[in-house]
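Student: Pasting data_35.txt below, which is compact mmCIF, C-alpha atoms and all ligand atoms.
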# COMPACT_ATOMS: atom_id res chain seq x y z
CA MET Q 1 143.83 184.42 188.69
CA ALA Q 2 147.38 183.23 188.91
CA PHE Q 3 150.16 185.76 188.61
CA ILE Q 4 153.22 184.89 186.54
CA ASN Q 5 156.26 186.98 187.41
CA LEU Q 6 158.72 186.77 184.54
CA LYS Q 7 161.37 188.69 186.46
CA LYS Q 8 161.55 186.25 189.35
CA LYS Q 9 160.43 183.30 187.22
CA GLU Q 10 157.72 182.72 189.77
CA VAL Q 11 154.05 181.73 189.69
CA GLN Q 12 151.59 182.55 192.46
CA VAL Q 13 148.39 180.52 192.62
CA LYS Q 14 145.42 180.61 194.94
CA ILE Q 15 143.68 177.45 196.10
CA VAL Q 16 140.50 177.72 198.16
CA TYR Q 17 138.91 175.07 200.39
CA TYR Q 18 135.15 175.46 200.13
CA GLY Q 19 132.21 173.63 201.68
CA PRO Q 20 129.51 173.66 204.34
CA GLY Q 21 130.21 175.02 207.82
CA ARG Q 22 131.78 172.44 210.12
CA GLY Q 23 132.65 170.18 207.18
CA GLY Q 24 136.37 170.10 207.98
CA LYS Q 25 137.98 172.81 205.81
CA THR Q 26 139.98 174.36 208.63
CA THR Q 27 140.95 170.88 209.83
CA ASN Q 28 142.35 170.13 206.35
CA LEU Q 29 144.50 173.26 206.39
CA GLU Q 30 145.70 172.63 209.93
CA TYR Q 31 146.77 169.13 209.00
CA ILE Q 32 148.61 170.29 205.87
CA TYR Q 33 150.28 173.07 207.84
CA LYS Q 34 151.46 170.62 210.47
CA LYS Q 35 152.79 168.20 207.88
CA LEU Q 36 154.59 170.87 205.89
CA SER Q 37 155.58 173.15 208.75
CA ARG Q 38 159.28 172.65 208.11
CA ARG Q 39 158.80 174.20 204.69
CA ILE Q 40 156.58 177.10 205.74
CA LYS Q 41 158.21 180.17 207.16
CA THR Q 42 155.15 181.96 208.49
CA GLU Q 43 152.36 181.41 210.97
CA MET Q 44 148.99 180.27 209.73
CA VAL Q 45 146.57 183.20 209.68
CA ALA Q 46 143.12 182.42 211.05
CA ILE Q 47 140.37 185.02 211.33
CA LYS Q 48 137.81 183.36 213.55
CA THR Q 49 135.06 183.98 216.08
CA HIS Q 50 135.37 183.40 219.83
CA GLY Q 51 133.69 180.07 219.27
CA ASP Q 52 136.55 179.04 216.96
CA ARG Q 53 134.43 179.21 213.82
CA THR Q 54 136.02 180.64 210.70
CA LEU Q 55 134.85 184.24 210.35
CA PHE Q 56 136.72 185.25 207.23
CA PHE Q 57 139.40 182.75 206.23
CA ASP Q 58 142.40 180.66 207.20
CA PHE Q 59 145.53 181.21 205.17
CA PHE Q 60 149.09 180.14 204.67
CA PRO Q 61 151.53 180.26 201.73
CA PHE Q 62 153.56 177.30 200.62
CA GLU Q 63 156.47 176.95 198.20
CA MET Q 64 156.09 173.92 196.00
CA GLY Q 65 159.44 173.95 194.27
CA LYS Q 66 160.15 174.39 190.59
CA ILE Q 67 158.12 173.45 187.54
CA LYS Q 68 159.47 174.25 184.07
CA GLY Q 69 161.97 176.55 185.74
CA TYR Q 70 159.34 178.52 187.61
CA ASP Q 71 159.12 178.72 191.40
CA ILE Q 72 155.58 177.73 192.31
CA LYS Q 73 154.08 179.57 195.27
CA ILE Q 74 150.75 178.30 196.49
CA GLN Q 75 148.41 180.25 198.71
CA LEU Q 76 145.92 178.13 200.59
CA TYR Q 77 142.68 179.61 201.90
CA THR Q 78 139.51 178.34 203.52
CA VAL Q 79 136.19 180.17 203.39
CA PRO Q 80 133.73 180.57 206.24
CA GLY Q 81 131.12 177.90 205.59
CA GLN Q 82 128.16 179.30 207.46
CA VAL Q 83 125.35 180.46 205.17
CA LYS Q 84 125.25 183.95 206.68
CA TYR Q 85 128.85 184.69 205.71
CA ASN Q 86 128.30 184.65 201.96
CA ALA Q 87 129.67 188.17 201.44
CA THR Q 88 133.04 187.30 202.95
CA ARG Q 89 133.04 183.87 201.31
CA LYS Q 90 132.72 185.55 197.93
CA LEU Q 91 135.67 187.84 198.69
CA VAL Q 92 137.95 184.89 199.40
CA LEU Q 93 137.05 183.36 196.02
CA ARG Q 94 138.32 186.40 194.16
CA GLY Q 95 141.07 185.34 191.78
CA VAL Q 96 140.83 181.66 192.74
CA ASP Q 97 142.77 179.18 190.60
CA GLY Q 98 141.70 175.87 192.11
CA VAL Q 99 139.02 174.68 194.51
CA VAL Q 100 138.74 171.79 196.96
CA PHE Q 101 135.15 171.15 197.94
CA VAL Q 102 135.02 169.51 201.37
CA GLY Q 103 131.69 167.70 201.73
CA ASP Q 104 130.36 166.30 204.99
CA SER Q 105 129.54 162.60 204.76
CA ALA Q 106 127.15 162.61 207.72
CA VAL Q 107 123.60 161.83 206.62
CA VAL Q 108 122.29 164.76 208.65
CA ARG Q 109 124.55 167.16 206.71
CA ARG Q 110 123.52 165.93 203.30
CA GLU Q 111 121.37 168.89 202.36
CA LYS Q 112 123.83 171.48 203.70
CA THR Q 113 126.58 169.94 201.61
CA ILE Q 114 124.48 169.97 198.43
CA LEU Q 115 123.46 173.60 199.00
CA SER Q 116 127.04 174.64 199.62
CA LEU Q 117 128.12 173.21 196.26
CA GLU Q 118 125.29 175.13 194.59
CA ASN Q 119 126.49 178.25 196.39
CA LEU Q 120 130.02 177.65 195.07
CA LYS Q 121 128.70 177.53 191.50
CA GLU Q 122 126.77 180.76 192.02
CA ASN Q 123 129.68 182.58 193.62
CA LEU Q 124 132.11 181.49 190.90
CA ALA Q 125 129.60 182.73 188.35
CA THR Q 126 129.69 186.22 189.88
CA TYR Q 127 133.36 186.27 188.85
CA ASN Q 128 132.44 184.93 185.39
CA LYS Q 129 133.97 181.59 186.28
CA ASP Q 130 132.38 178.32 185.28
CA ILE Q 131 132.79 175.50 187.77
CA PHE Q 132 133.33 173.09 184.87
CA GLN Q 133 136.32 175.15 183.72
CA THR Q 134 137.84 175.50 187.20
CA PRO Q 135 140.27 172.92 188.60
CA LEU Q 136 138.19 171.15 191.25
CA VAL Q 137 138.67 168.23 193.63
CA LEU Q 138 135.93 166.85 195.84
CA GLN Q 139 136.63 165.48 199.28
CA TYR Q 140 134.08 163.33 201.10
CA ASN Q 141 135.11 163.99 204.66
CA LYS Q 142 134.31 162.51 208.07
CA ARG Q 143 134.21 158.92 206.84
CA ASP Q 144 135.27 157.91 210.37
CA LEU Q 145 131.91 158.91 211.84
CA GLU Q 146 130.55 155.52 210.93
CA GLU Q 147 132.77 153.92 213.56
CA GLN Q 148 131.06 156.05 216.17
CA GLY Q 149 127.69 154.80 215.02
CA ILE Q 150 126.79 158.04 213.26
CA PRO Q 151 125.09 157.34 209.93
CA VAL Q 152 127.18 158.39 206.92
CA LEU Q 153 126.21 158.40 203.27
CA PRO Q 154 127.63 155.58 201.16
CA ILE Q 155 130.31 156.91 198.81
CA GLU Q 156 128.12 156.14 195.79
CA THR Q 157 125.33 158.29 197.24
CA ILE Q 158 127.39 161.34 198.12
CA ASP Q 159 129.18 161.06 194.78
CA GLN Q 160 125.82 160.86 193.02
CA ASP Q 161 124.63 163.92 194.99
CA LEU Q 162 127.62 166.11 194.20
CA ASN Q 163 129.54 164.71 191.31
CA SER Q 164 127.15 163.17 188.78
CA GLU Q 165 127.64 166.08 186.38
CA LEU Q 166 130.97 167.48 187.52
CA LYS Q 167 132.84 164.18 187.27
CA ALA Q 168 135.66 165.68 189.30
CA PRO Q 169 138.30 163.56 191.03
CA PHE Q 170 137.26 162.76 194.59
CA PHE Q 171 138.84 161.42 197.77
CA GLU Q 172 137.41 159.86 200.88
CA ALA Q 173 138.83 161.53 203.95
CA SER Q 174 138.92 161.77 207.66
CA ALA Q 175 140.60 165.10 208.08
CA ILE Q 176 140.67 164.88 211.85
CA VAL Q 177 143.17 162.03 211.66
CA GLY Q 178 144.60 163.14 208.32
CA THR Q 179 143.38 160.35 206.06
CA GLY Q 180 142.92 161.60 202.51
CA VAL Q 181 144.10 165.13 203.27
CA ILE Q 182 147.44 165.02 201.51
CA PRO Q 183 146.16 163.12 198.44
CA THR Q 184 143.43 165.77 198.05
CA PHE Q 185 146.00 168.54 198.36
CA LYS Q 186 148.41 166.92 195.91
CA LYS Q 187 145.66 166.40 193.37
CA ILE Q 188 144.39 169.97 193.44
CA THR Q 189 147.87 171.48 193.21
CA ALA Q 190 148.72 169.20 190.27
CA MET Q 191 145.49 170.06 188.47
CA THR Q 192 145.82 173.78 189.11
CA ILE Q 193 149.38 173.91 187.86
CA ALA Q 194 148.49 171.75 184.85
CA SER Q 195 145.79 174.30 183.97
CA LEU Q 196 148.50 176.98 183.79
CA GLU Q 197 151.02 174.91 181.92
CA LYS Q 198 150.21 176.41 178.53
CA GLU Q 199 151.14 179.79 179.93
CA LEU Q 200 154.47 178.63 181.34
CA LYS Q 201 156.77 178.73 178.38
CA MET E 1 143.91 181.44 183.55
CA ALA E 2 146.81 183.63 184.48
CA TYR E 3 148.16 187.04 183.81
CA VAL E 4 151.78 187.79 183.09
CA LEU E 5 153.93 190.81 183.81
CA LYS E 6 157.13 191.23 181.84
CA GLN E 7 160.51 191.60 183.46
CA THR E 8 160.95 195.17 182.23
CA HIS E 9 157.57 196.21 183.60
CA LEU E 10 158.27 194.65 186.96
CA GLU E 11 161.63 196.36 187.09
CA ASP E 12 159.98 199.68 186.34
CA ILE E 13 157.41 199.11 189.09
CA GLU E 14 160.09 198.17 191.60
CA GLU E 15 162.02 201.25 190.70
CA ILE E 16 158.98 203.39 191.42
CA LEU E 17 158.50 201.72 194.80
CA GLU E 18 162.14 202.34 195.62
CA ASN E 19 162.55 205.84 194.31
CA TYR E 20 159.26 207.63 194.27
CA LEU E 21 158.35 207.39 197.92
CA PRO E 22 160.14 209.26 200.69
CA GLN E 23 162.72 206.95 202.21
CA ALA E 24 162.77 208.07 205.82
CA GLY E 25 160.12 206.45 207.95
CA ILE E 26 158.73 204.10 205.31
CA HIS E 27 159.39 200.47 206.17
CA CYS E 28 157.61 198.49 203.55
CA VAL E 29 155.81 199.11 200.27
CA LEU E 30 153.89 196.43 198.42
CA LEU E 31 152.00 196.24 195.20
CA ILE E 32 149.52 193.37 195.34
CA ASP E 33 146.48 192.29 193.38
CA MET E 34 143.00 191.84 194.79
CA ALA E 35 143.48 188.07 194.96
CA GLY E 36 146.34 188.63 197.41
CA ASN E 37 149.18 187.90 194.97
CA ILE E 38 152.36 189.91 195.47
CA ILE E 39 153.39 191.86 192.37
CA ALA E 40 156.31 193.81 193.81
CA GLU E 41 157.71 194.48 197.26
CA HIS E 42 160.25 196.82 198.74
CA GLU E 43 161.36 196.53 202.35
CA ILE E 44 163.55 199.15 203.90
CA GLY E 45 165.63 198.66 207.02
CA LYS E 46 165.74 195.69 209.25
CA THR E 47 162.10 195.11 210.13
CA LYS E 48 161.07 191.95 208.34
CA HIS E 49 157.34 191.56 207.96
CA ASP E 50 155.41 188.46 206.99
CA ILE E 51 154.74 189.68 203.44
CA PRO E 52 152.46 186.86 202.18
CA SER E 53 150.16 187.26 205.18
CA LEU E 54 150.24 191.04 204.81
CA ALA E 55 149.19 190.67 201.18
CA ALA E 56 146.41 188.17 201.90
CA LEU E 57 144.97 190.26 204.72
CA SER E 58 145.29 193.55 202.84
CA ALA E 59 143.41 192.24 199.82
CA ALA E 60 140.69 190.71 201.99
CA ASN E 61 140.39 193.80 204.17
CA PHE E 62 140.17 196.08 201.18
CA GLY E 63 137.53 193.82 199.66
CA ALA E 64 135.53 193.81 202.88
CA VAL E 65 135.61 197.59 203.30
CA ASN E 66 134.51 198.06 199.72
CA ALA E 67 131.65 195.62 200.17
CA LEU E 68 130.65 197.86 203.11
CA ALA E 69 130.85 200.90 200.84
CA LYS E 70 128.35 199.36 198.45
CA ILE E 71 125.95 198.59 201.31
CA ILE E 72 125.85 202.21 202.39
CA GLY E 73 125.51 203.42 198.82
CA GLU E 74 129.08 204.54 198.20
CA GLU E 75 130.78 203.54 194.99
CA GLU E 76 134.01 202.71 196.83
CA PHE E 77 136.56 203.79 199.43
CA SER E 78 139.61 203.94 197.22
CA VAL E 79 141.96 204.90 200.07
CA LEU E 80 142.17 203.36 203.54
CA PHE E 81 144.39 204.34 206.41
CA ASN E 82 145.03 202.59 209.73
CA LYS E 83 146.82 204.50 212.43
CA GLY E 84 148.81 202.77 215.14
CA GLU E 85 150.98 203.84 218.07
CA ARG E 86 154.19 203.53 216.07
CA GLU E 87 153.32 202.03 212.70
CA ASN E 88 150.66 203.00 210.23
CA ILE E 89 149.31 201.37 207.10
CA HIS E 90 148.05 203.16 204.04
CA PHE E 91 146.16 201.35 201.25
CA SER E 92 145.33 202.80 197.89
CA LYS E 93 143.70 201.25 194.89
CA VAL E 94 145.55 201.17 191.58
CA LEU E 95 143.21 200.56 188.64
CA ASP E 96 140.52 198.03 189.56
CA GLU E 97 142.71 195.06 190.26
CA PHE E 98 145.66 196.29 192.31
CA LEU E 99 146.44 197.75 195.69
CA LEU E 100 149.43 199.73 196.92
CA VAL E 101 150.19 199.03 200.58
CA CYS E 102 152.53 201.29 202.48
CA ILE E 103 153.77 200.77 206.05
CA PHE E 104 155.38 203.76 207.74
CA ASP E 105 156.10 205.30 211.12
CA ASN E 106 155.19 208.66 212.62
CA GLU E 107 158.27 210.39 211.20
CA VAL E 108 156.48 210.61 207.90
CA SER E 109 154.11 213.47 207.27
CA LEU E 110 150.86 211.97 206.05
CA GLY E 111 150.27 214.87 203.68
CA LEU E 112 153.61 214.43 201.96
CA LEU E 113 153.16 210.69 201.84
CA ARG E 114 149.76 211.01 200.18
CA LEU E 115 151.18 213.32 197.56
CA LYS E 116 154.03 210.95 196.77
CA ILE E 117 151.75 207.94 196.72
CA ALA E 118 149.45 209.66 194.26
CA LYS E 119 152.43 210.34 191.99
CA ALA E 120 153.70 206.79 192.28
CA ILE E 121 150.26 205.40 191.49
CA GLY E 122 150.06 207.53 188.37
CA LYS E 123 153.34 206.01 187.16
CA ILE E 124 152.40 202.45 188.10
CA ARG E 125 149.07 202.80 186.37
CA GLU E 126 150.79 203.77 183.13
CA ILE E 127 152.90 200.63 183.29
CA LEU E 128 150.04 198.31 184.15
CA GLU E 129 147.82 199.72 181.44
CA SER E 130 150.40 199.33 178.71
N1 LIG K 1 134.76 162.92 213.17
C1 LIG K 1 135.35 163.81 212.40
N2 LIG K 1 135.32 165.11 212.76
C2 LIG K 1 135.94 166.01 211.95
C3 LIG K 1 136.60 165.62 210.75
N3 LIG K 1 137.10 166.73 210.18
C4 LIG K 1 136.78 167.76 210.98
N4 LIG K 1 136.07 167.33 212.06
C5 LIG K 1 135.55 168.13 213.17
O1 LIG K 1 134.46 168.91 212.68
C6 LIG K 1 134.44 170.18 213.31
C7 LIG K 1 134.47 171.28 212.28
O2 LIG K 1 135.70 171.25 211.60
P1 LIG K 1 136.31 172.55 210.91
O3 LIG K 1 137.59 172.14 210.26
O4 LIG K 1 136.35 173.68 211.86
O5 LIG K 1 135.19 172.83 209.80
P2 LIG K 1 135.04 174.07 208.80
O6 LIG K 1 133.89 174.86 209.31
O7 LIG K 1 134.73 173.42 207.48
O8 LIG K 1 136.32 174.82 208.77
C8 LIG K 1 135.62 170.23 214.25
O9 LIG K 1 135.19 169.91 215.52
C9 LIG K 1 136.54 169.14 213.69
O10 LIG K 1 137.34 168.57 214.69
C10 LIG K 1 136.61 164.23 210.41
O11 LIG K 1 137.17 163.79 209.43
N5 LIG K 1 135.96 163.39 211.27
MG MG K 2 136.67 176.78 209.13
As structure tokens, how would this structure be written, given the file I've shared?
Ligand SMILES: Nc1nc2c(ncn2[C@@H]2O[C@H](COP(=O)(O)OP(=O)(O)O)[C@@H](O)[C@H]2O)c(=O)[nH]1
Ligand SMILES: [Mg+2]
Tutor:
Amino acid sequence: MAFINLKKKEVQVKIVYYGPGRGGKTTNLEYIYKKLSRRIKTEMVAIKTHGDRTLFFDFFPFEMGKIKGYDIKIQLYTVPGQVKYNATRKLVLRGVDGVVFVGDSAVVRREKTILSLENLKENLATYNKDIFQTPLVLQYNKRDLEEQGIPVLPIETIDQDLNSELKAPFFEASAIVGTGVIPTFKKITAMTIASLEKELK
Amino acid sequence: MAYVLKQTHLEDIEEILENYLPQAGIHCVLLIDMAGNIIAEHEIGKTKHDIPSLAALSAANFGAVNALAKIIGEEEFSVLFNKGERENIHFSKVLDEFLLVCIFDNEVSLGLLRLKIAKAIGKIREILES
């Protein structure tokens, strides 16, 4: 839940990158961090295993500038995607204001991606949050795999799998080279801030 | 969805952070929420910490330890304390949604600090509840 500080005229919002393990969440954050590094004063925090898998989360804060006279401070997080880390994944979702769901386009990851979206709905529900009421952007990542001869789902198929009811905005991406990363990020920040606009008087 | 704290309330909270805790040996006091948002901060002296990361990690750490509490059948661990060579961190829950984080060195007597923190929390709670 965003915090509006009337003394500093400041809003703090939390955006979480969610999705199956190895889908590219950390890669998204690393790319954004690199692109914005001039505007970020702190190191990126990454709590990970020896094998470089996210154990708890990645995190960095980012100052967006002013909207309606308020300084907008965005906190970006990823969750650990592996099924066994659901307890920590749930903790990261606490107080979330906007979600990017990073799906894996590879055909072999189809089921994992679908299950991860189901898991997101369930975990939001434990905080009495409805996915339909939460600012959400979908990202269909790893589109580049096709060039390496690895079968990927056609956009229509992955969109049908994940988005037939949600009807959320979606972006094709290749986070490893950066394609689609910034548009996804811009969209979710715009949607999240728009959802707070009523409260910014 | 968002929650709002008024200027006067924030000023009152900051005043408590500045005045209620012993000055010597305390380097940083933060009031954060369990999502990792920073409600109020007070840094003393020249040590500059990375406050946003401190807040994010404190909220997550507190959440993790309390998930552990539930697994072993405890309701909660409302106070946590990490001791270092030179610096220590003390965490205490304020209502259900907030956390007071205090960073201090070995000059400070832990007993005195705990007493003062308890008093400060009482005051902060009154403000947050109103
Ligand atoms: N080919 C390809 N690989 C990617 C892409 N995005 C991420 N990866 C790789 O997939 C692996 C897992 O990425 P990571 O960001 O750690 O996934 P996370 O578990 O969701 O955080 C890493 O080896 C990345 O380099 C992409 O767009 N294309
Ligand atoms: Mg990761």
Student: Counting all atoms listed in the file, which protein, DNA or RNA residues come within 9 Å of ligand LIG 1 (chain K), given as a VMD selection string?
Tutor: chain Q and resid 17 to 30 52 to 54 57 to 58 78 to 82 102 to 104 140 to 146 148 173 to 179
Student: In Å, rounded to a single decimal, give me how far atom CA of Glu43 of chain Q is from atom CA of Val83 of chain Q.
Tutor: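 Calculated distance between atom CA of Val83 of chain Q and atom CA of Glu43 of chain Q is 27.6 Å.
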Student: Kindly indicate which residue among Q:Phe132, Q:Ile40, Q:Lys35, Q:Phe56 lies nearest to ligand MG 2 (chain K), using only C-alpha atoms and all ligand atoms for the distances.
Tutor: Q:Phe56
Student: Within 9 Å of Met34 of chain E, counting all atoms listed in the file, which residues show up once you throw out same-chain ones fewer than 3 positions away? Write them as a ChimeraX atom specification, please.
Tutor: /Q:94-95 /E:37,55-56,58-60,62-63,96-99
Student: Between atom CA of Leu93 of chain Q and atom CA of Thr184 of chain Q, what is the distance in Å, rounded to a tenth?
Tutor: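 Going from atom CA of Leu93 of chain Q over to atom CA of Thr184 of chain Q, I get 18.8 Å.
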Student: May I have the residues within 7 Å of segment 66-75 of chain Q as number ranges by chain, using only C-alpha atoms and disregarding those fewer than 4 positions away in the same chain?
Tutor: Q: 9-15, 60-62
Student: Might you pull out every residue within 8 Å of segment 12-21 of chain E, with all atoms listed in the file counted and same-chain residues fewer than 6 positions away left off, and present them as a list in words?
Tutor: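 In the requested form, the answer reads Val29, Leu30, Ala40, Glu41, His42, Leu113, Lys116, Ile117, Lys119, Ala120, Lys123, Ile124 and Ile127 of chain E.
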Student: I'd like a table as a tab-separated table: residues in chain Q with an atom no more than 7 Å from chain E, each row giving the shortest atom pair and its distance in Å to one decimal, all atoms listed in the file counted, sorted by chain and rising residue number.
Tutor:
residue	atom	partner	partner_atom	distance
Q:Met1	CA	E:Ala2	CA	5.2
Q:Ala2	CA	E:Ala2	CA	4.5
Q:Phe3	CA	E:Tyr3	CA	5.4
Q:Ile4	CA	E:Val4	CA	4.7
Q:Asn5	CA	E:Leu5	CA	5.7
Q:Leu6	CA	E:Gln7	CA	5.3
Q:Lys7	CA	E:Gln7	CA	4.3
Q:Gln12	CA	E:Asn37	CA	6.4
Q:Thr42	CA	E:Asp50	CA	6.7
Q:Pro61	CA	E:Pro52	CA	6.7
Q:Thr88	CA	E:Ala64	CA	7.0
Q:Leu91	CA	E:Gly63	CA	6.3
Q:Val92	CA	E:Ala60	CA	6.9
Q:Arg94	CA	E:Ala35	CA	5.5
Q:Gly95	CA	E:Ala35	CA	4.8
Q:Leu196	CA	E:Met1	CA	6.4
Student: Between Q:Ser105, Q:Asn123, Q:Thr49, Q:Ser164, which one has atoms that come closest to ligand MG 2 (chain K), using all atoms listed in the file?
Tutor: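 Answer, going by the shortest atom-to-atom distance: Q:Thr49.
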Student: Residues within 7 Å of segment 74-81 of chain E, please, as a list of chain:residue names. Count only C-alpha atoms; anything in the same chain fewer than 3 positions from it doesn't count.
Tutor: E:Asn66, E:Ala69, E:Lys70, E:Ile89, E:His90, E:Phe91, E:Ser92, E:Lys93
Student: Here is a test: counting all atoms listed in the file, which residue of Q:Leu55, Q:Val96, Q:Leu136, Q:Leu166 is nearest to Ile188 of chain Q?
Tutor: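 Selected residue with least distance to Ile188 of chain Q: Q:Leu136.
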Student: Show me, as an MDAnalysis selection string, the residues that have an atom within 12 Å of Arg86 of chain E when counting all atoms listed in the file, minus same-chain residues fewer than 6 positions from it.
Tutor: chainID E and resid 25:27 103:108
Student: Go ahead and save the picked residues with C-alpha atoms, as a PDB file, keeping the file's coordinate frame.
Tutor:
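Everything below was put into selection-v2.pdb:
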ATOM      1  CA  GLY E  25     160.120 206.450 207.950  1.00  0.00           C
ATOM      2  CA  ILE E  26     158.730 204.100 205.310  1.00  0.00           C
ATOM      3  CA  HIS E  27     159.390 200.470 206.170  1.00  0.00           C
ATOM      4  CA  ILE E 103     153.770 200.770 206.050  1.00  0.00           C
ATOM      5  CA  PHE E 104     155.380 203.760 207.740  1.00  0.00           C
ATOM      6  CA  ASP E 105     156.100 205.300 211.120  1.00  0.00           C
ATOM      7  CA  ASN E 106     155.190 208.660 212.620  1.00  0.00           C
ATOM      8  CA  GLU E 107     158.270 210.390 211.200  1.00  0.00           C
ATOM      9  CA  VAL E 108     156.480 210.610 207.900  1.00  0.00           C
TER      10      VAL E 108
END
Student: What is the distance, in Å and to one decimal place, between atom CA of Leu76 of chain Q and atom CA of Glu111 of chain Q?
Tutor: 26.3 Å
